[in-house]
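**Q** Would you mind keeping the following structure in view while I ask a few things?
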Amino acid sequence: MTNEFTAIVERDGEWYITYCPEVPGANGQGKTKEEALESLSEAIALILEDRREEALRGVPPDATLDKVTRERERKRGQICFWLLIHIWRACLCLADHRTFHPCK
């Protein structure tokens, strides 16, 4: 499965600075644009892995964990952002021991 995120790239002197507006705290840097994007990619992966682990700590022992997939019915950027928001909301709800309602 491939995840796509927005990468904002800025130049700061000899460095490239990148950040991802969909994943708060995700940023990268490098001497080349490619290095900065790779650094950002690694930061996103670490943040999402940490959030997943943190959210799953609150899952009741009798709950089951399933995988959910969704067909692309929106434009490419819209579906990625939509899924990110719903995954984030699910993680927050699990962490707070509340029931996740995807339509709310």
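Residue numbering restarts at 1 for every chain of the structure tokens, chains are lettered A, B, ... in their displayed order, and ligands are numbered from 1 as they appear.
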Determine, counting only C-alpha atoms, which protein, DNA and RNA residues have an atom within 10 Å of an atom of Ser41 in chain A; residues of the same chain fewer than 2 positions away are not included. Present the result as a list in words.
**A**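 So, after excluding close chain neighbours, the residues are Glu4, Phe5, Ala7, Thr18, Tyr19, Cys20, Ala26, Asn27, Gly28, Glu35, Ala36, Leu37, Glu38, Ser39, Ala43, Ile44, Ala45 and Leu46 of chain A.
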**Q** Calculate how many Å separate CA of Thr32 in chain A from CA of Glu14 in chain A, rounding to one decimal.
**A**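 These two atoms are separated by 8.5 Å.
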**Q** Write out as JSON, numbers by chain all residues of range 22-82 of chain A that DSSP puts in helix (DSSP H, G or I) for this structure's backbone.
**A** {"A": [33, 34, 35, 36, 37, 38, 39, 40, 41, 42, 43, 44, 45, 46, 47, 48, 49, 50, 51, 52, 53, 54, 55, 56, 76, 77, 78, 79, 80, 81, 82]}
**Q** Nearest residue to Leu48 in chain A out of A:Thr2, A:Ala63, A:Trp15, A:Val23, using only C-alpha atoms?
**A**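 Ranking A:Thr2, A:Ala63, A:Trp15, A:Val23 by distance to Leu48 in chain A, first place goes to A:Val23.
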**Q** Could you check how far CA of Thr69 in chain A sits from CA of Ile8 in chain A, in Å to one decimal?
**A** 27.1 Å
**Q** Quick check, in Å to one decimal: how far apart do CA of Arg11 in chain A and CA of Gly25 in chain A lie?
**A**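 Straight-line distance from CA of Arg11 in chain A to CA of Gly25 in chain A works out to 18.6 Å.
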**Q** From the options A:Pro61, A:Asn3, A:Leu40, A:Glu49, which residue's atoms come nearest to Tyr16 in chain A, counting only C-alpha atoms?
**A**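 Selected residue with least distance to Tyr16 in chain A: A:Leu40.
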**Q** Report as a list in words all protein, DNA and RNA residues lying within 10 Å of Asp12 in chain A, evaluated on only C-alpha atoms, omitting residues in the same chain fewer than 4 positions from it.
**A**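 Answer for this query is Tyr16, Ile17, Gln29 and Lys31 of chain A.
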